[in-house]
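File shown here: protein-v8.tsv, holding TSV, C-alpha atoms.
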```
chain	number	residue	atom	x	y	z
X	1	MET	CA	79.09	37.74	14.92
X	2	PRO	CA	79.00	34.34	16.72
X	3	ARG	CA	81.74	33.80	19.32
X	4	LEU	CA	82.67	30.21	18.50
X	5	TYR	CA	85.74	28.37	19.77
X	6	VAL	CA	86.71	24.75	19.07
X	7	THR	CA	88.88	22.36	21.02
X	8	LEU	CA	90.23	18.99	19.90
X	9	ILE	CA	90.77	16.75	22.91
X	10	HIS	CA	93.60	14.17	22.97
X	11	TYR	CA	93.01	13.18	26.62
X	12	PRO	CA	90.80	11.80	28.05
X	13	VAL	CA	89.46	9.95	24.98
X	14	VAL	CA	88.61	6.28	24.48
X	15	ASN	CA	90.17	3.66	22.24
X	16	LYS	CA	88.36	0.98	20.24
X	17	GLN	CA	87.94	-1.11	23.39
X	18	GLY	CA	86.43	1.84	25.29
X	19	GLU	CA	89.51	2.28	27.49
X	20	CYS	CA	90.63	5.79	28.47
X	21	ILE	CA	93.77	6.84	26.59
X	22	ALA	CA	95.85	9.84	25.47
X	23	SER	CA	95.95	9.93	21.65
X	24	ALA	CA	98.75	11.24	19.42
X	25	VAL	CA	98.36	14.54	17.60
X	26	THR	CA	97.65	14.25	13.85
X	27	ASN	CA	99.25	16.96	11.71
X	28	LEU	CA	96.33	17.24	9.31
X	29	ASP	CA	93.82	17.65	12.14
X	30	LEU	CA	95.56	20.92	12.99
X	31	HIS	CA	95.61	22.18	9.42
X	32	ASP	CA	92.12	21.09	8.47
X	33	ILE	CA	90.27	22.30	11.54
X	34	ALA	CA	92.21	25.59	11.58
X	35	ARG	CA	91.42	26.22	7.90
X	36	THR	CA	87.76	25.35	8.42
X	37	MET	CA	87.54	27.67	11.44
X	38	LYS	CA	89.18	30.49	9.48
X	39	THR	CA	86.63	29.91	6.71
X	40	TYR	CA	83.64	30.12	9.05
X	41	GLY	CA	84.90	32.88	11.35
X	42	GLY	CA	85.80	30.81	14.44
X	43	LEU	CA	87.82	32.69	17.06
X	44	GLY	CA	90.27	30.10	18.36
X	45	PHE	CA	91.19	26.42	17.98
X	46	TYR	CA	92.63	24.75	21.08
X	47	VAL	CA	94.61	21.53	20.74
X	48	ALA	CA	94.34	19.90	24.17
X	49	THR	CA	96.90	17.36	25.34
X	50	PRO	CA	98.74	16.96	28.66
X	51	LEU	CA	101.76	15.28	27.00
X	52	THR	CA	104.86	17.47	26.89
X	53	ASP	CA	106.28	16.00	23.66
X	54	GLN	CA	102.92	16.33	21.91
X	55	LYS	CA	102.56	19.93	22.99
X	56	ALA	CA	106.06	20.63	21.64
X	57	LEU	CA	105.10	18.93	18.35
X	58	VAL	CA	102.05	21.16	17.95
X	59	GLU	CA	104.10	24.29	18.74
X	60	ARG	CA	106.69	23.25	16.18
X	61	ILE	CA	104.13	22.61	13.42
X	62	VAL	CA	102.30	25.85	14.12
X	63	SER	CA	105.44	28.00	14.30
X	64	HIS	CA	106.64	26.61	10.95
X	65	TRP	CA	103.54	28.13	9.38
X	66	THR	CA	103.10	31.23	11.52
X	67	SER	CA	106.68	32.49	11.91
X	68	GLY	CA	108.75	30.18	9.68
X	69	VAL	CA	109.23	29.81	5.95
X	70	GLY	CA	105.87	28.05	5.59
X	71	GLY	CA	104.01	31.27	6.30
X	72	GLU	CA	106.03	33.25	3.77
X	73	HIS	CA	105.14	30.83	1.00
X	74	HIS	CA	101.57	30.20	2.14
X	75	PRO	CA	100.13	33.32	3.82
X	76	LYS	CA	96.61	31.83	3.77
X	77	ARG	CA	97.86	28.80	5.70
X	78	LYS	CA	99.53	31.17	8.16
X	79	GLN	CA	96.27	33.04	8.77
X	80	ALA	CA	94.54	29.75	9.57
X	81	LEU	CA	97.23	28.32	11.85
X	82	GLU	CA	97.40	31.54	13.85
X	83	LEU	CA	94.09	30.35	15.34
X	84	VAL	CA	95.80	27.33	16.97
X	85	ARG	CA	96.60	27.36	20.71
X	86	VAL	CA	97.92	24.54	22.87
X	87	ALA	CA	96.40	23.66	26.24
X	88	ASP	CA	96.77	20.94	28.87
X	89	SER	CA	93.12	20.10	29.30
X	90	LEU	CA	89.54	21.14	28.66
X	91	GLU	CA	89.62	23.06	31.96
X	92	ALA	CA	92.66	25.03	30.80
X	93	VAL	CA	90.91	25.83	27.50
X	94	CYS	CA	87.86	27.18	29.33
X	95	GLU	CA	90.09	29.27	31.62
X	96	ASP	CA	91.93	30.81	28.68
X	97	ILE	CA	88.71	31.68	26.87
X	98	GLY	CA	87.31	33.09	30.13
X	99	ARG	CA	90.35	35.38	30.47
X	100	ARG	CA	90.04	36.61	26.88
X	101	GLU	CA	86.27	37.01	26.86
X	102	GLY	CA	85.63	38.03	30.47
X	103	VAL	CA	83.11	35.20	30.73
X	104	ALA	CA	83.47	31.42	30.67
X	105	PRO	CA	82.25	29.70	27.47
X	106	LYS	CA	79.30	27.38	27.32
X	107	THR	CA	80.78	23.94	26.60
X	108	VAL	CA	79.13	21.75	23.97
X	109	VAL	CA	80.45	18.22	23.50
X	110	THR	CA	80.08	16.29	20.25
X	111	SER	CA	79.67	12.57	19.69
X	112	ALA	CA	78.88	10.14	16.89
X	113	LYS	CA	76.21	8.64	19.16
X	114	GLN	CA	72.82	10.05	20.09
X	115	ARG	CA	72.65	11.24	23.72
X	116	GLU	CA	69.55	12.10	25.69
X	117	GLY	CA	68.80	15.83	25.77
X	118	SER	CA	71.22	16.73	22.97
X	119	LEU	CA	70.89	20.14	21.36
X	120	ARG	CA	69.56	20.22	17.83
X	121	PHE	CA	71.67	22.19	15.36
X	122	THR	CA	68.99	24.85	15.13
X	123	GLU	CA	69.06	25.25	18.93
X	124	LEU	CA	72.83	25.70	18.98
X	125	ARG	CA	72.60	28.22	16.13
X	126	ALA	CA	70.19	30.25	18.27
X	127	MET	CA	72.62	30.03	21.20
X	128	LEU	CA	75.40	31.36	18.96
X	129	GLU	CA	73.38	34.52	18.36
X	130	GLU	CA	73.78	35.38	22.04
X	131	GLU	CA	76.88	37.11	23.43
X	132	THR	CA	78.23	34.27	25.56
X	133	PRO	CA	81.06	32.41	23.78
X	134	VAL	CA	80.50	28.78	22.86
X	135	LEU	CA	83.21	26.11	22.97
X	136	LEU	CA	82.62	23.10	20.73
X	137	VAL	CA	84.47	20.03	22.01
X	138	PHE	CA	85.62	17.31	19.61
X	139	GLY	CA	87.36	14.05	20.57
X	140	THR	CA	90.13	12.18	18.78
X	141	ALA	CA	90.52	8.35	18.64
X	142	TRP	CA	87.13	6.68	19.36
X	143	GLY	CA	85.68	9.79	20.95
X	144	LEU	CA	85.50	11.76	24.20
X	145	ALA	CA	85.64	9.92	27.52
X	146	GLU	CA	82.36	9.79	29.43
X	147	ASP	CA	83.88	11.92	32.18
X	148	ILE	CA	84.12	14.88	29.78
X	149	MET	CA	80.69	14.23	28.29
X	150	ILE	CA	78.84	14.44	31.60
X	151	LYS	CA	80.65	17.55	32.83
X	152	ALA	CA	79.81	19.64	29.73
X	153	ASP	CA	77.00	22.19	29.71
X	154	TYR	CA	75.43	20.69	26.57
X	155	SER	CA	75.86	17.93	24.00
X	156	LEU	CA	75.19	18.40	20.29
X	157	ALA	CA	73.09	15.99	18.24
X	158	PRO	CA	75.26	13.62	16.14
X	159	ILE	CA	75.49	13.74	12.35
X	160	VAL	CA	73.05	11.00	11.40
X	161	THR	CA	72.51	9.57	7.90
X	162	GLN	CA	70.29	6.90	6.40
X	163	THR	CA	73.21	4.50	5.92
X	164	GLY	CA	73.77	3.92	9.64
X	165	TYR	CA	77.54	4.20	9.01
X	166	ASN	CA	78.85	6.72	11.54
X	167	HIS	CA	82.63	6.76	11.29
X	168	LEU	CA	83.45	10.20	9.96
X	169	PRO	CA	86.99	11.49	10.48
X	170	VAL	CA	86.96	14.20	13.15
X	171	ARG	CA	88.33	16.67	10.56
X	172	CYS	CA	85.29	16.10	8.36
X	173	ALA	CA	82.79	15.98	11.22
X	174	ALA	CA	84.10	19.34	12.47
X	175	ALA	CA	83.74	20.82	8.97
X	176	ILE	CA	80.15	19.58	8.62
X	177	VAL	CA	79.21	20.85	12.09
X	178	MET	CA	80.69	24.30	11.42
X	179	ASP	CA	78.89	24.50	8.08
X	180	ARG	CA	75.59	23.59	9.74
X	181	LEU	CA	76.14	26.14	12.51
X	182	LEU	CA	77.76	29.05	10.68
X	183	GLY	CA	77.25	28.35	6.98
X	184	SER	CA	74.78	30.01	4.68
X	185	GLY	CA	72.53	26.95	4.49
X	186	ARG	CA	72.11	24.42	1.72
X	187	ASP	CA	70.13	26.40	-0.82
P	1	MET	CA	68.40	6.51	-3.44
P	2	PRO	CA	70.67	9.09	-5.13
P	3	ARG	CA	73.30	7.64	-7.46
P	4	LEU	CA	76.25	9.79	-6.46
P	5	TYR	CA	79.87	9.16	-7.42
P	6	VAL	CA	82.90	11.28	-6.55
P	7	THR	CA	86.26	11.64	-8.25
P	8	LEU	CA	89.37	13.35	-6.92
P	9	ILE	CA	91.49	14.63	-9.81
P	10	HIS	CA	95.31	14.74	-9.56
P	11	TYR	CA	95.80	15.76	-13.21
P	12	PRO	CA	95.13	18.21	-14.78
P	13	VAL	CA	95.08	20.57	-11.78
P	14	VAL	CA	96.77	23.92	-11.24
P	15	ASN	CA	99.48	24.98	-8.80
P	16	LYS	CA	99.68	28.25	-6.85
P	17	GLN	CA	100.98	30.01	-9.98
P	18	GLY	CA	98.10	28.70	-12.08
P	19	GLU	CA	100.30	26.29	-14.03
P	20	CYS	CA	98.94	22.87	-15.04
P	21	ILE	CA	100.49	20.08	-12.94
P	22	ALA	CA	100.01	16.50	-11.74
P	23	SER	CA	99.73	16.47	-7.92
P	24	ALA	CA	100.81	13.73	-5.51
P	25	VAL	CA	98.23	11.51	-3.84
P	26	THR	CA	97.58	12.32	-0.15
P	27	ASN	CA	96.85	9.28	2.02
P	28	LEU	CA	94.26	11.02	4.18
P	29	ASP	CA	92.33	12.26	1.13
P	30	LEU	CA	91.59	8.62	0.33
P	31	HIS	CA	90.52	7.75	3.86
P	32	ASP	CA	88.52	10.88	4.56
P	33	ILE	CA	86.58	11.07	1.31
P	34	ALA	CA	85.92	7.31	1.34
P	35	ARG	CA	84.61	7.45	4.92
P	36	THR	CA	82.45	10.47	4.13
P	37	MET	CA	81.03	8.76	1.03
P	38	LYS	CA	80.26	5.62	3.04
P	39	THR	CA	78.50	7.80	5.62
P	40	TYR	CA	76.29	9.52	3.03
P	41	GLY	CA	75.63	6.53	0.76
P	42	GLY	CA	77.90	7.42	-2.18
P	43	LEU	CA	78.43	4.62	-4.68
P	44	GLY	CA	82.07	4.95	-5.69
P	45	PHE	CA	85.12	7.14	-5.13
P	46	TYR	CA	87.55	7.38	-8.06
P	47	VAL	CA	91.11	8.56	-7.47
P	48	ALA	CA	92.23	9.86	-10.87
P	49	THR	CA	95.92	10.08	-11.75
P	50	PRO	CA	97.84	9.12	-14.90
P	51	LEU	CA	101.09	8.47	-12.94
P	52	THR	CA	102.00	4.80	-12.66
P	53	ASP	CA	103.76	5.10	-9.28
P	54	GLN	CA	100.87	7.09	-7.81
P	55	LYS	CA	98.34	4.53	-9.03
P	56	ALA	CA	100.43	1.79	-7.41
P	57	LEU	CA	100.54	3.80	-4.16
P	58	VAL	CA	96.76	4.09	-4.08
P	59	GLU	CA	96.35	0.36	-4.80
P	60	ARG	CA	98.77	-0.46	-1.98
P	61	ILE	CA	97.02	1.79	0.56
P	62	VAL	CA	93.59	0.50	-0.38
P	63	SER	CA	94.59	-3.18	-0.37
P	64	HIS	CA	96.12	-2.81	3.11
P	65	TRP	CA	92.67	-1.91	4.37
P	66	THR	CA	90.49	-4.04	2.12
P	67	SER	CA	92.42	-7.34	1.98
P	68	GLY	CA	95.29	-6.84	4.44
P	69	VAL	CA	95.60	-6.76	8.21
P	70	GLY	CA	94.17	-3.23	8.34
P	71	GLY	CA	90.73	-4.49	7.39
P	72	GLU	CA	90.78	-7.24	10.02
P	73	HIS	CA	91.43	-4.74	12.79
P	74	HIS	CA	89.24	-1.98	11.37
P	75	PRO	CA	86.28	-3.47	9.49
P	76	LYS	CA	84.57	-0.07	9.29
P	77	ARG	CA	87.61	1.39	7.57
P	78	LYS	CA	87.56	-1.58	5.18
P	79	GLN	CA	83.93	-0.89	4.24
P	80	ALA	CA	84.82	2.68	3.40
P	81	LEU	CA	87.97	1.97	1.40
P	82	GLU	CA	86.15	-0.65	-0.68
P	83	LEU	CA	84.56	2.35	-2.41
P	84	VAL	CA	87.94	3.49	-3.80
P	85	ARG	CA	88.81	2.83	-7.45
P	86	VAL	CA	91.82	4.05	-9.42
P	87	ALA	CA	91.52	5.60	-12.87
P	88	ASP	CA	93.79	7.35	-15.38
P	89	SER	CA	91.61	10.34	-16.08
P	90	LEU	CA	88.18	11.90	-15.77
P	91	GLU	CA	87.26	10.30	-19.11
P	92	ALA	CA	88.18	6.84	-17.74
P	93	VAL	CA	86.07	7.49	-14.64
P	94	CYS	CA	83.03	8.37	-16.76
P	95	GLU	CA	83.55	5.28	-18.92
P	96	ASP	CA	83.70	3.00	-15.88
P	97	ILE	CA	80.55	4.49	-14.37
P	98	GLY	CA	78.86	4.24	-17.76
P	99	ARG	CA	79.68	0.51	-17.94
P	100	ARG	CA	78.34	-0.13	-14.43
P	101	GLU	CA	75.23	2.02	-14.71
P	102	GLY	CA	74.39	1.58	-18.38
P	103	VAL	CA	74.35	5.34	-18.77
P	104	ALA	CA	77.06	7.98	-18.57
P	105	PRO	CA	77.00	10.17	-15.44
P	106	LYS	CA	76.26	13.87	-15.46
P	107	THR	CA	79.56	15.52	-14.52
P	108	VAL	CA	79.51	18.35	-11.95
P	109	VAL	CA	82.78	20.17	-11.29
P	110	THR	CA	83.49	21.99	-8.03
P	111	SER	CA	85.55	25.10	-7.38
P	112	ALA	CA	86.30	27.55	-4.58
P	113	LYS	CA	85.44	30.35	-7.01
P	114	GLN	CA	82.04	31.45	-8.26
P	115	ARG	CA	81.44	30.56	-11.92
P	116	GLU	CA	78.69	31.86	-14.14
P	117	GLY	CA	75.72	29.53	-14.39
P	118	SER	CA	76.74	27.33	-11.44
P	119	LEU	CA	74.14	25.00	-9.97
P	120	ARG	CA	72.79	25.91	-6.56
P	121	PHE	CA	72.91	23.11	-3.99
P	122	THR	CA	69.14	22.83	-4.05
P	123	GLU	CA	69.23	22.37	-7.85
P	124	LEU	CA	71.79	19.58	-7.61
P	125	ARG	CA	69.75	17.91	-4.86
P	126	ALA	CA	66.78	17.87	-7.25
P	127	MET	CA	69.00	16.38	-9.96
P	128	LEU	CA	70.06	13.62	-7.55
P	129	GLU	CA	66.44	12.56	-7.21
P	130	GLU	CA	66.46	11.54	-10.88
P	131	GLU	CA	67.79	8.18	-12.07
P	132	THR	CA	70.84	9.38	-13.98
P	133	PRO	CA	74.04	9.00	-11.94
P	134	VAL	CA	75.90	12.15	-10.94
P	135	LEU	CA	79.70	12.42	-10.76
P	136	LEU	CA	81.02	15.16	-8.48
P	137	VAL	CA	84.52	16.25	-9.53
P	138	PHE	CA	86.97	17.64	-6.96
P	139	GLY	CA	90.45	18.96	-7.67
P	140	THR	CA	93.63	18.64	-5.60
P	141	ALA	CA	96.38	21.31	-5.32
P	142	TRP	CA	94.98	24.76	-6.27
P	143	GLY	CA	91.99	23.27	-8.07
P	144	LEU	CA	90.84	21.79	-11.37
P	145	ALA	CA	92.41	23.00	-14.60
P	146	GLU	CA	90.16	25.16	-16.77
P	147	ASP	CA	90.17	22.47	-19.45
P	148	ILE	CA	88.22	20.14	-17.13
P	149	MET	CA	85.94	22.91	-15.91
P	150	ILE	CA	84.69	23.86	-19.35
P	151	LYS	CA	84.12	20.27	-20.53
P	152	ALA	CA	81.88	19.33	-17.58
P	153	ASP	CA	78.10	19.22	-17.86
P	154	TYR	CA	77.64	21.48	-14.82
P	155	SER	CA	79.53	23.37	-12.14
P	156	LEU	CA	78.42	23.58	-8.52
P	157	ALA	CA	78.26	26.82	-6.56
P	158	PRO	CA	81.24	27.28	-4.22
P	159	ILE	CA	81.04	27.16	-0.44
P	160	VAL	CA	80.91	30.85	0.41
P	161	THR	CA	81.13	32.39	3.87
P	162	GLN	CA	81.08	35.90	5.27
P	163	THR	CA	84.80	35.84	6.08
P	164	GLY	CA	85.89	35.80	2.43
P	165	TYR	CA	88.52	33.16	3.34
P	166	ASN	CA	88.08	30.33	0.85
P	167	HIS	CA	90.89	27.84	1.41
P	168	LEU	CA	89.16	24.74	2.70
P	169	PRO	CA	91.05	21.44	2.43
P	170	VAL	CA	89.47	19.31	-0.31
P	171	ARG	CA	88.68	16.62	2.30
P	172	CYS	CA	86.60	19.10	4.27
P	173	ALA	CA	85.01	20.72	1.22
P	174	ALA	CA	83.91	17.28	-0.01
P	175	ALA	CA	82.39	16.50	3.40
P	176	ILE	CA	80.47	19.79	3.49
P	177	VAL	CA	79.21	19.33	-0.08
P	178	MET	CA	78.02	15.77	0.59
P	179	ASP	CA	76.27	16.89	3.77
P	180	ARG	CA	74.50	19.68	1.88
P	181	LEU	CA	73.49	17.30	-0.92
P	182	LEU	CA	72.67	14.09	0.94
P	183	GLY	CA	72.44	15.05	4.62
P	184	SER	CA	69.29	15.48	6.67
P	185	GLY	CA	69.58	19.27	6.77
P	186	ARG	CA	70.70	21.51	9.57
P	187	ASP	CA	67.69	21.41	11.90
```
Just give me the structure as C-alpha cells.
Amino acid sequence: MPRLYVTLIHYPVVNKQGECIASAVTNLDLHDIARTMKTYGGLGFYVATPLTDQKALVERIVSHWTSGVGGEHHPKRKQALELVRVADSLEAVCEDIGRREGVAPKTVVTSAKQREGSLRFTELRAMLEEETPVLLVFGTAWGLAEDIMIKADYSLAPIVTQTGYNHLPVRCAAAIVMDRLLGSGRD
Amino acid sequence: MPRLYVTLIHYPVVNKQGECIASAVTNLDLHDIARTMKTYGGLGFYVATPLTDQKALVERIVSHWTSGVGGEHHPKRKQALELVRVADSLEAVCEDIGRREGVAPKTVVTSAKQREGSLRFTELRAMLEEETPVLLVFGTAWGLAEDIMIKADYSLAPIVTQTGYNHLPVRCAAAIVMDRLLGSGRD
C-alpha cells in the first residue's frame, strides 16, 4: 500500500503579483482534500501555516467534525477529517512524518507550471510502490514560493490540457493528482 | 473537439435519509466546476434549481465575476464563470443545449454507486469523439433522485477505490471525471 501524505502550504506562497505572502485557510480545502485522501488511502493531510489564529481555526473546524456533534451526524466526514493535522511549516510536516514512519518522506512539490526535470505521473507512481513515504506539497493562493520549490526532492509535472487554461482550484488539482497516482486508471 | 456539457442538479436530489429534496447552491461548486470545465474545454455548465431565490443567488455570484469588479481583478475567473448558466430543471438544460446545438444531448448521469449497465470511462470517451453533444449530470446532497437516474440515456461507472470510502465532494468528483474523460492520461 502506497505511503502517501499531502500538505497544503499557506506560507510561503505567492500572490497574484508574485509577492511572498501567508494565505488564509479555506474551510472547504480542509474538507475536500481530507475526503479525497480518505477515498484514495492517503495517510495524513497536513495544513501548514505559521499563523496562530489560523492554526486555531483549523483545530476548531476539525474538532467540530472529529469530536463534536458534526461527527455524530456525519461519521463519514469524521473519518476523513481525522486525517487532518496542523503544522507550522513544511519542515515541521517532514519532521512529524519522520517520527511516525522512522524515515523522512521524499518531498514532491506541485505547480501549475512546467518545471525542468519534473517527475511524470508514471514515475511518481513507481516511487509510491517503494517503502519510503512520499509527501505531496500543494500551495494555496497563486502557488508555492520559489524557496520551497527549489528545496524539495522532486517536482511533479503539471496538469496540462489542450485549452492552455491552467487555473484549477487546489482542491480539484489535488483530487486529479491523487486519482492519477492512486486511482484505478481511466478504463 | 468533444462537445461536453455539465449540469449540477439541486432538485430532485436525495438527503441522507433518501428523501427527495431541493438542496441549496454552494458558491464554491460554481467556481470549482466552472474552472475545471474551462481547463478541460467543456462548453457549458448548467446550475439547475427550480427555486427562485437560489436562481437569483447564482445570477448574482456569476455577474459579480463576469460583469462586476471581480472580473476586472480576476480575468481568468471571469472566463470560467462565463460558462455558467441557470436552468429550472434537467429538461430545461436539455432544451437549451438542443437549441444551441441543433440536436438534443445524450444524457449521462453519475453516481457514487455502481449501477447495472453503466458506461465505462473508455466507452464514454469514445462517445465524446462523435458529434452528438454529451451532458454529464451530477447531483448535490446525497446524489441524484432515482427518477432522474432512470430517465437518463446512460449512467457512468462510479469512481471506485480500494478503500471502499466513496464520499467525494461533487466538486472533486467532477474534476476527476473530466480528467478521465478529457485529460491527457496519467503518464
Taking only C-alpha atoms into account, which of P:Met149, P:Ala141, P:Ala22, P:Leu28 comes nearest chain X?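 Of the candidates, the smallest distance to chain X is held by P:Leu28.
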Can you check which residues of chain X have any atom within 6 Å of chain P? Use all atoms listed in the file and format it as a VMD selection string. chain X and resid 35 to 36 39 121 to 122 165 168 172 175 to 176 180 186 to 187
Only C-alpha atoms, please: the residues just picked out, written as a PDB file, in the frame of the given file.
```
ATOM      1  CA  ARG X  35      91.420  26.220   7.900  1.00  0.00           C
ATOM      2  CA  THR X  36      87.760  25.350   8.420  1.00  0.00           C
ATOM      3  CA  THR X  39      86.630  29.910   6.710  1.00  0.00           C
ATOM      4  CA  PHE X 121      71.670  22.190  15.360  1.00  0.00           C
ATOM      5  CA  THR X 122      68.990  24.850  15.130  1.00  0.00           C
ATOM      6  CA  TYR X 165      77.540   4.200   9.010  1.00  0.00           C
ATOM      7  CA  LEU X 168      83.450  10.200   9.960  1.00  0.00           C
ATOM      8  CA  CYS X 172      85.290  16.100   8.360  1.00  0.00           C
ATOM      9  CA  ALA X 175      83.740  20.820   8.970  1.00  0.00           C
ATOM     10  CA  ILE X 176      80.150  19.580   8.620  1.00  0.00           C
ATOM     11  CA  ARG X 180      75.590  23.590   9.740  1.00  0.00           C
ATOM     12  CA  ARG X 186      72.110  24.420   1.720  1.00  0.00           C
ATOM     13  CA  ASP X 187      70.130  26.400  -0.820  1.00  0.00           C
TER      14      ASP X 187
END
```
One number please: atom CA of P:Ala112 to atom CA of P:Gly143, in Å, one decimal. 7.9 Å
Atom CA of X:Trp142 to atom CA of X:His10, straight-line distance in Å: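 Value for the atom CA of X:His10-atom CA of X:Trp142 distance: 10.5 Å.
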Go through X:Gly68, X:Gly102, X:Gly117, X:Pro158 and flag the residue nearest X:Glu131, using only C-alpha atoms for the distances. X:Gly102
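Between atom CA of X:Tyr154 and atom CA of X:Thr107 the interatomic distance comes to 6.3 Å.
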Please identify all polymer residues within 9 Å of X:Pro75, counting all atoms listed in the file, omitting same-chain residues fewer than 5 positions from it, and present them as a PyMOL selection string. chain X and resi 65-66+70+80
List the neighbours of P:Asp147 out to 12 Å using only C-alpha atoms; skip same-chain residues closer than 3 positions along the sequence, and give me the result as a list in words.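 The filter keeps Tyr11, Pro12, Val13, Val14, Cys20, Leu90, Val109, Gly143, Leu144, Ile150, Lys151 and Ala152 of chain P.
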So that all listed atoms of stretch 73-91 of chain P fit with 4 Å spare on each side, what axis-aligned box centre and edge lengths in Å, to one decimal, would you give as JSON?
```
{"center_x": 88.9, "center_y": 3.6, "center_z": -3.2, "size_x": 17.9, "size_y": 24.6, "size_z": 39.9}
```
In terms of the shortest atom-to-atom distance over only C-alpha atoms, which of X:Gln54, X:Val108, X:Gln114, X:Ala24 is closest to X:Val6? X:Val108
